[in-house]
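What follows is one structure encoded as structure tokens, with my remarks underneath.
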Amino acid sequence: MKIRLASQSVARQHLLKMSRVLFTAHPARIDETSILDALLSEGASATDISATLAEYKARKISVKFPEDLVIGGDQIAFFNRKIIGKPENKQQLTEQLTEMSGEKHSLYTANILYKDGKPLWRYVAKTDLVLRDLSSEEIAEYVNEHWDVVQHCAGGYAFENTPHIFSSVKGTWFDILGLSLPNLLDALKNQGGISDASVPKLAAVLGHPIAQSRSPILHSHWLDKEGIRGNYTSIDIPPAYFDETVKTLISVGFSGFNVTIPHKIAALNLSTDQTQAAKRIGAANTLVAKDGQIHADSTDGYGFWHNILQFEPDWDVGQSASLILGAGGAARAIIDVLLSNGAPKIYLTNRTRATAQELADLFGDKVHVVEWDDRTAPIAHCSTIINTTSLGMVGKPPLELDLSTAQPNTLVTDLVYNPVETDLLKNAKTLGLKTVDGVGMLLHQAKPGFEAWFNHSPVVDDDLRKAVLG
Ligand code: NAP
């Protein structure tokens with residue numbers, strides 16, 4: 001018995017895929033307008049309307065494939081006793097959002113299972129959402145920025161892309177996106193279509209902007225490789241809405257998040273408890289939601305450490321001093337992990353001396369600030385040299401650093417991973433020094449979050465590296 005989805009909806013297909021359910025999708029072309037008109041003239045309720053439309057679609061496909069289980073789905077947005085359809089143009093969307101702004105509306109998500117032309121199971125979920133009180137400028141900006149996507153969406157919004165525009169949501173991520181997965185998976189199991197009904201876990205990377213993040217590729221690779229039921233996405237949240245949106249996402253079913261610029265400090269402040277590393281660093285890049293609590297971690301140091309040990313297992317940070325170039329957020333995490341693992345002395349140099357001094361004051365007397373112009377001076381005394389500046393990255397100036405005085409066994413590593421082999425690493429290799437590139441840090445720092453959200457320990461290997469580097 002096969003499973004067939006009577007829907008063209010990309011969102012519904014995506015939800016079923018993350019459940020690891022094997023299915024084929026079939027567009028069920030029905031005359032929605034006539035059916036809707038007839039239902040409205042009968043005074044049908046929103047529940048009946050969404051269920052009937054889902055049923056029409058499922059029946060149509062079920063008649064073609066009577067042996068198989070057919071899933072039908074429909075969703076309508078209801079506001080002020082009216083159905084809010086897909087917007088016809090930008091002007092209409094602007095008016096619609098203006099009317100809905102600050103008000104509650106509801107989404108009715110109907111799912112149905114058919115076999116042999118007959119219904120086996122039905123479910124309609126109602127989600128209440130309140131759109132924030134949006135100013136006309138915010139609405140104009142929203143319409144212009146999101147029109148390409150939201151013109152295809154009932155209600156004129158895509159919740160998954162902009163959850164921050166809602167001030168209150170009572171429902172689940174699955175209901176909002178169009179398939180009530182926990183109930184549907186149970187029903188599929190009860191009808192013998194699948195053997196396991198466990199519900200996909202949800203996680204995301206949050207930032208502003210976020211389109212550049214490689215994290216969705218990384219986590220999706222692990223999910224697909226291990227066949228784990230789950231999804232990892234990216235969500236852009238403007239700083240003013242960070243706290244509320246994180247709480248909303250947790251309430252609709254998220255297990256946790258990676259957090260990137262500019263939210264790392266806000267993430268720490270929002271958390272209910274923190275790892276020692278996050279506390280010492282004063283920022284978090286990983287949040288885990290569990291039992292009503294939000295746990296914060298900072299995993300950059302962990303990622304840095306495990307990357308080096310993967311390629312240079314004999315590396316000993318305690319052997320002698322380290323030189324760190326740069327004093328930004330990443331340097332903070334690296335100083336912390338080096339000191340926690342026995343580094344005897346760290347030379348810290350930064351273009352802006354005051355920032356380096358701040359870190360030296362924070363981490364204590366093992367950290368010595370060196371003037372940026374004198375940055376080559378400590379090299380002869382260091383067994384580890386780490387670039388944490390953005391110099392050497394594509395589009396940035398090169399890092400000028402003469403390594404000729406380095407001891408033969410010195411390890412040179414660069415956090416910049418675009419390009420993978422920076423000029424710093426090339427020069428170090430030419431001099432016969434050990435080198436480790438920055439890609440692995442990005443991969444390893446993702447592990448603790450993945451383990452916590454998806455309950456599975458992933459492997460950092462060459463396949464992952466290739467996937468992330470594209
Ligand atoms: P950040 O907080 O913005 O710090 C940037 C650092 O680069 C500061 O020390 C800054 O010095 C220095 N810098 C920038 N432009 C410079 C210039 N023209 N000359 C000299 N120094 C300059 O950024 P971050 O989060 O620490 O990240 C730093 C780098 O590490 C970025 O390239 C980032 O992509 C990379 N990174 C990689 C990983 C990984 O997984 N491989 C993880 C985290 C970060 P000032 O204080 O003088 O501005």
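Starting from 1 in every chain, residues are counted up; chains themselves are A, B, ... following the order of the structure tokens, and ligands are numbered from 1 as listed.
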### Task
Any chance you could list, as a ChimeraX atom specification, the residues in region 241-385 of chain A that come up helix (DSSP H, G or I) when DSSP is run on the backbone?
/A:241-251,264-270,276-281,300-311,329-340,353-363,372-374,377-381
### Message
Counting only C-alpha atoms and all ligand atoms, what are the residues, protein, DNA or RNA alike, that approach ligand 1 to within 8 Å? I want them as an MDAnalysis selection string.
### Response
chainID A and resid 300 303:304 325:332 350:353 355:356 387:391 393 396:397 399 414:417 437:443 445
### Message
What's around Ala289 (chain A) at 9 Å? Count only C-alpha atoms, leave out sequence neighbours fewer than 5 positions away in its own chain, and write the answer as a list in words.
### Response
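Residues near the query, excluding close chain neighbours: Ile250, Phe254, Ser255, Gly256, Phe257, Ile294, His295 and Trp453 of chain A.
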Contact check, region 119-227 of chain A to region 43-64 of chain A, at most 8 Å, counting only C-alpha atoms, closest pairs as CSV:
residue,atom,partner,partner_atom,distance
A:Pro119,CA,A:Glu55,CA,7.8
A:Arg122,CA,A:Ala51,CA,7.6
A:Tyr123,CA,A:Ala51,CA,7.8
A:Val124,CA,A:Thr47,CA,6.5
#### Entry: Pro262 (chain A) environment, 10 Å, only C-alpha atoms, sequence neighbours closer than 5 positions dropped, as a PyMOL selection string
chain A and resi 206-209+237-239+242+267
For the residues selected in the previous step, produce a file with all heavy atoms as a PDB file, in the first residue's frame.
ATOM      1  N   LEU A 206      18.985  31.382  13.838  1.00  0.00           N
ATOM      2  CA  LEU A 206      18.348  32.698  13.908  1.00  0.00           C
ATOM      3  C   LEU A 206      19.417  33.778  13.748  1.00  0.00           C
ATOM      4  O   LEU A 206      20.448  33.730  14.429  1.00  0.00           O
ATOM      5  CB  LEU A 206      17.664  32.870  15.274  1.00  0.00           C
ATOM      6  CG  LEU A 206      16.782  31.712  15.747  1.00  0.00           C
ATOM      7  CD1 LEU A 206      16.238  32.012  17.149  1.00  0.00           C
ATOM      8  CD2 LEU A 206      15.646  31.455  14.779  1.00  0.00           C
ATOM      9  N   GLY A 207      19.175  34.722  12.887  1.00  0.00           N
ATOM     10  CA  GLY A 207      20.133  35.823  12.697  1.00  0.00           C
ATOM     11  C   GLY A 207      19.447  36.963  11.982  1.00  0.00           C
ATOM     12  O   GLY A 207      18.255  36.916  11.689  1.00  0.00           O
ATOM     13  N   HIS A 208      20.233  37.993  11.664  1.00  0.00           N
ATOM     14  CA  HIS A 208      19.679  39.150  10.945  1.00  0.00           C
ATOM     15  C   HIS A 208      20.834  39.920  10.320  1.00  0.00           C
ATOM     16  O   HIS A 208      21.511  40.656  11.033  1.00  0.00           O
ATOM     17  CB  HIS A 208      18.905  40.052  11.913  1.00  0.00           C
ATOM     18  CG  HIS A 208      18.250  41.212  11.245  1.00  0.00           C
ATOM     19  ND1 HIS A 208      17.172  41.077  10.410  1.00  0.00           N
ATOM     20  CD2 HIS A 208      18.540  42.545  11.269  1.00  0.00           C
ATOM     21  CE1 HIS A 208      16.805  42.276   9.968  1.00  0.00           C
ATOM     22  NE2 HIS A 208      17.618  43.174  10.476  1.00  0.00           N
ATOM     23  N   PRO A 209      21.170  39.691   9.032  1.00  0.00           N
ATOM     24  CA  PRO A 209      20.475  38.815   8.078  1.00  0.00           C
ATOM     25  C   PRO A 209      20.857  37.355   8.312  1.00  0.00           C
ATOM     26  O   PRO A 209      21.741  37.082   9.140  1.00  0.00           O
ATOM     27  CB  PRO A 209      21.020  39.301   6.737  1.00  0.00           C
ATOM     28  CG  PRO A 209      22.427  39.754   7.056  1.00  0.00           C
ATOM     29  CD  PRO A 209      22.373  40.327   8.441  1.00  0.00           C
ATOM     30  N   ILE A 237      15.319  37.216  12.111  1.00  0.00           N
ATOM     31  CA  ILE A 237      14.550  37.935  13.145  1.00  0.00           C
ATOM     32  C   ILE A 237      15.209  39.297  13.409  1.00  0.00           C
ATOM     33  O   ILE A 237      16.359  39.349  13.858  1.00  0.00           O
ATOM     34  CB  ILE A 237      14.505  37.143  14.474  1.00  0.00           C
ATOM     35  CG1 ILE A 237      14.014  35.718  14.240  1.00  0.00           C
ATOM     36  CG2 ILE A 237      13.613  37.870  15.488  1.00  0.00           C
ATOM     37  CD1 ILE A 237      13.951  34.892  15.520  1.00  0.00           C
ATOM     38  N   PRO A 238      14.502  40.394  13.179  1.00  0.00           N
ATOM     39  CA  PRO A 238      15.064  41.701  13.535  1.00  0.00           C
ATOM     40  C   PRO A 238      15.310  41.761  15.049  1.00  0.00           C
ATOM     41  O   PRO A 238      14.518  41.194  15.823  1.00  0.00           O
ATOM     42  CB  PRO A 238      13.972  42.687  13.108  1.00  0.00           C
ATOM     43  CG  PRO A 238      13.103  41.926  12.156  1.00  0.00           C
ATOM     44  CD  PRO A 238      13.178  40.488  12.569  1.00  0.00           C
ATOM     45  N   PRO A 239      16.394  42.424  15.468  1.00  0.00           N
ATOM     46  CA  PRO A 239      16.779  42.396  16.891  1.00  0.00           C
ATOM     47  C   PRO A 239      15.652  42.758  17.861  1.00  0.00           C
ATOM     48  O   PRO A 239      15.512  42.134  18.904  1.00  0.00           O
ATOM     49  CB  PRO A 239      17.916  43.423  16.969  1.00  0.00           C
ATOM     50  CG  PRO A 239      18.472  43.460  15.595  1.00  0.00           C
ATOM     51  CD  PRO A 239      17.367  43.143  14.641  1.00  0.00           C
ATOM     52  N   PHE A 242      13.582  39.676  18.898  1.00  0.00           N
ATOM     53  CA  PHE A 242      14.256  38.399  19.140  1.00  0.00           C
ATOM     54  C   PHE A 242      13.616  37.593  20.274  1.00  0.00           C
ATOM     55  O   PHE A 242      13.207  36.439  20.084  1.00  0.00           O
ATOM     56  CB  PHE A 242      15.748  38.644  19.438  1.00  0.00           C
ATOM     57  CG  PHE A 242      16.495  37.366  19.683  1.00  0.00           C
ATOM     58  CD1 PHE A 242      16.845  36.537  18.629  1.00  0.00           C
ATOM     59  CD2 PHE A 242      16.820  36.969  20.976  1.00  0.00           C
ATOM     60  CE1 PHE A 242      17.512  35.336  18.854  1.00  0.00           C
ATOM     61  CE2 PHE A 242      17.484  35.769  21.208  1.00  0.00           C
ATOM     62  CZ  PHE A 242      17.839  34.958  20.143  1.00  0.00           C
ATOM     63  N   ALA A 267      20.614  36.161  23.176  1.00  0.00           N
ATOM     64  CA  ALA A 267      20.311  34.738  23.407  1.00  0.00           C
ATOM     65  C   ALA A 267      20.738  34.333  24.813  1.00  0.00           C
ATOM     66  O   ALA A 267      20.017  33.622  25.525  1.00  0.00           O
ATOM     67  CB  ALA A 267      21.020  33.882  22.361  1.00  0.00           C
TER      68      ALA A 267
END
### Task
With a distance cut-off of 12 Å and only C-alpha atoms, select the neighbouring residues of Ile84 (chain A), excluding the residue or stretch itself and same-chain residues fewer than 3 positions from it, and output the selection as a list of chain:residue names.
A:Ala46, A:Gln75, A:Ile76, A:Ala77, A:Phe78, A:Phe79, A:Asn80, A:Arg81, A:Pro87, A:Glu88, A:Gln92, A:Leu93, A:Glu95, A:Gln96, A:Leu97, A:Glu99, A:Met100, A:His105, A:Ser106, A:Leu107, A:Tyr108, A:Cys153, A:Ala154, A:Gly155, A:Gly156, A:Tyr157
### Message
Just want the 10 Å neighbourhood of His14 (chain A), counted on only C-alpha atoms, with same-chain residues fewer than 5 positions away dropped. Output as a ChimeraX atom specification.
### Response
/A:9,19-20,177,179,231
Would you mind listing what lies within 10 Å of region 144-152 of chain A as a JSON list (two decimals) with all heavy atoms, in the first residue's frame, with only C-alpha atoms counted and same-chain residues fewer than 6 positions away left out?
[["chain", "number", "residue", "atom", "x", "y", "z"],
["A", 85, "GLY", "N", -8.16, 34.98, 1.33],
["A", 85, "GLY", "CA", -7.49, 34.13, 0.33],
["A", 85, "GLY", "C", -6.08, 34.61, 0.04],
["A", 85, "GLY", "O", -5.48, 35.36, 0.81],
["A", 86, "LYS", "N", -5.57, 34.16, -1.13],
["A", 86, "LYS", "CA", -4.25, 34.64, -1.56],
["A", 86, "LYS", "C", -4.44, 36.05, -2.11],
["A", 86, "LYS", "O", -5.42, 36.31, -2.84],
["A", 86, "LYS", "CB", -3.72, 33.72, -2.67],
["A", 86, "LYS", "CG", -3.49, 32.31, -2.16],
["A", 86, "LYS", "CD", -3.17, 31.35, -3.28],
["A", 86, "LYS", "CE", -3.13, 29.94, -2.70],
["A", 86, "LYS", "NZ", -3.09, 28.90, -3.70],
["A", 87, "PRO", "N", -3.53, 36.97, -1.81],
["A", 87, "PRO", "CA", -3.72, 38.35, -2.27],
["A", 87, "PRO", "C", -3.59, 38.44, -3.80],
["A", 87, "PRO", "O", -2.77, 37.75, -4.40],
["A", 87, "PRO", "CB", -2.59, 39.11, -1.58],
["A", 87, "PRO", "CG", -1.56, 38.08, -1.26],
["A", 87, "PRO", "CD", -2.29, 36.80, -1.04],
["A", 88, "GLU", "N", -4.43, 39.29, -4.40],
["A", 88, "GLU", "CA", -4.39, 39.40, -5.86],
["A", 88, "GLU", "C", -3.30, 40.35, -6.34],
["A", 88, "GLU", "O", -2.75, 40.19, -7.41],
["A", 88, "GLU", "CB", -5.75, 39.90, -6.37],
["A", 88, "GLU", "CG", -6.74, 38.76, -6.43],
["A", 88, "GLU", "CD", -8.16, 39.24, -6.61],
["A", 88, "GLU", "OE1", -8.38, 40.41, -6.99],
["A", 88, "GLU", "OE2", -9.07, 38.42, -6.33],
["A", 89, "ASN", "N", -3.01, 41.34, -5.54],
["A", 89, "ASN", "CA", -1.95, 42.29, -5.91],
["A", 89, "ASN", "C", -1.43, 42.95, -4.63],
["A", 89, "ASN", "O", -1.99, 42.75, -3.54],
["A", 89, "ASN", "CB", -2.47, 43.34, -6.90],
["A", 89, "ASN", "CG", -3.77, 43.96, -6.40],
["A", 89, "ASN", "OD1", -3.84, 44.37, -5.24],
["A", 89, "ASN", "ND2", -4.78, 44.01, -7.24],
["A", 90, "LYS", "N", -0.40, 43.76, -4.78],
["A", 90, "LYS", "CA", 0.24, 44.36, -3.61],
["A", 90, "LYS", "C", -0.70, 45.30, -2.86],
["A", 90, "LYS", "O", -0.68, 45.36, -1.63],
["A", 90, "LYS", "CB", 1.51, 45.12, -4.03],
["A", 90, "LYS", "CG", 2.64, 44.21, -4.45],
["A", 90, "LYS", "CD", 3.89, 45.02, -4.74],
["A", 90, "LYS", "CE", 5.05, 44.11, -5.09],
["A", 90, "LYS", "NZ", 6.28, 44.85, -5.36],
["A", 93, "LEU", "N", -2.98, 43.25, -0.73],
["A", 93, "LEU", "CA", -2.26, 42.71, 0.43],
["A", 93, "LEU", "C", -2.05, 43.80, 1.48],
["A", 93, "LEU", "O", -2.20, 43.57, 2.69],
["A", 93, "LEU", "CB", -0.92, 42.10, -0.01],
["A", 93, "LEU", "CG", -0.04, 41.57, 1.11],
["A", 93, "LEU", "CD1", -0.74, 40.50, 1.94],
["A", 93, "LEU", "CD2", 1.28, 41.01, 0.56],
["A", 94, "THR", "N", -1.70, 44.99, 1.02],
["A", 94, "THR", "CA", -1.48, 46.10, 1.94],
["A", 94, "THR", "C", -2.76, 46.38, 2.74],
["A", 94, "THR", "O", -2.71, 46.53, 3.98],
["A", 94, "THR", "CB", -1.07, 47.37, 1.15],
["A", 94, "THR", "OG1", 0.08, 47.04, 0.38],
["A", 94, "THR", "CG2", -0.75, 48.53, 2.08],
["A", 138, "GLU", "N", 5.90, 49.67, 8.05],
["A", 138, "GLU", "CA", 6.27, 48.26, 8.20],
["A", 138, "GLU", "C", 5.51, 47.39, 7.19],
["A", 138, "GLU", "O", 6.07, 46.46, 6.62],
["A", 138, "GLU", "CB", 5.97, 47.77, 9.62],
["A", 138, "GLU", "CG", 6.96, 48.27, 10.66],
["A", 138, "GLU", "CD", 6.54, 47.91, 12.07],
["A", 138, "GLU", "OE1", 5.37, 48.14, 12.44],
["A", 138, "GLU", "OE2", 7.41, 47.41, 12.82],
["A", 158, "ALA", "N", 3.74, 34.24, 5.04],
["A", 158, "ALA", "CA", 4.35, 32.91, 5.18],
["A", 158, "ALA", "C", 4.95, 32.88, 6.58],
["A", 158, "ALA", "O", 6.03, 33.43, 6.80],
["A", 158, "ALA", "CB", 5.42, 32.71, 4.12],
["A", 159, "PHE", "N", 4.23, 32.29, 7.51],
["A", 159, "PHE", "CA", 4.64, 32.31, 8.92],
["A", 159, "PHE", "C", 6.09, 31.87, 9.10],
["A", 159, "PHE", "O", 6.84, 32.45, 9.88],
["A", 159, "PHE", "CB", 3.71, 31.41, 9.74],
["A", 159, "PHE", "CG", 4.06, 31.35, 11.19],
["A", 159, "PHE", "CD1", 3.64, 32.35, 12.06],
["A", 159, "PHE", "CD2", 4.85, 30.33, 11.70],
["A", 159, "PHE", "CE1", 3.99, 32.31, 13.40],
["A", 159, "PHE", "CE2", 5.21, 30.28, 13.04],
["A", 159, "PHE", "CZ", 4.77, 31.28, 13.88],
["A", 161, "ASN", "N", 8.64, 32.24, 7.39],
["A", 161, "ASN", "CA", 9.69, 33.20, 7.04],
["A", 161, "ASN", "C", 9.73, 34.40, 7.97],
["A", 161, "ASN", "O", 10.79, 35.01, 8.17],
["A", 161, "ASN", "CB", 9.48, 33.72, 5.61],
["A", 161, "ASN", "CG", 9.65, 32.61, 4.59],
["A", 161, "ASN", "OD1", 10.21, 31.57, 4.90],
["A", 161, "ASN", "ND2", 9.15, 32.81, 3.40],
["A", 162, "THR", "N", 8.57, 34.77, 8.52],
["A", 162, "THR", "CA", 8.53, 36.00, 9.33],
["A", 162, "THR", "C", 7.68, 35.80, 10.60],
["A", 162, "THR", "O", 6.69, 36.52, 10.80],
["A", 162, "THR", "CB", 7.93, 37.17, 8.51],
["A", 162, "THR", "OG1", 6.66, 36.74, 7.98],
["A", 162, "THR", "CG2", 8.82, 37.62, 7.40]]
#### Entry: Members of region 86-290 of chain A assigned strand (DSSP E) by DSSP, as a ChimeraX atom specification
/A:104-115,118-131,166-170,201-207,230-236,254-259,273-274,286-290
#### Entry: Å distance separating CA of Gly230 (chain A) from CA of Leu287 (chain A), one decimal place
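Distance between the two atoms: 16.7 Å.
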### Task
Could you tell me how far CA of Leu113 (chain A) lies from CA of Gln13 (chain A), in Å and to one decimal?
15.4 Å
### Query
Please, what distance in Å, to one decimal, runs between CA of Thr376 (chain A) and CA of Trp305 (chain A)?
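We find that CA of Thr376 (chain A) and CA of Trp305 (chain A) lie 23.7 Å from each other.
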#### Entry: Counting only C-alpha atoms, the residue of A:Leu181, A:Ala452, A:Ile83, A:Leu424 that sits nearest Pro200 (chain A)
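For Pro200 (chain A), the nearest of the candidates is A:Leu181.
Between Gln191 (chain A) and the candidates A:Val468, A:Ala380, A:Val70, A:Val459, the tightest atom-to-atom separation, counting only C-alpha atoms, involves A:Val70.
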### Query
Which one is closest to Arg12 (chain A): A:Gly72, A:Pro398, A:Pro27, A:Gly178? Count only C-alpha atoms.
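Checking each candidate against Arg12 (chain A), we get A:Gly178 as the closest.
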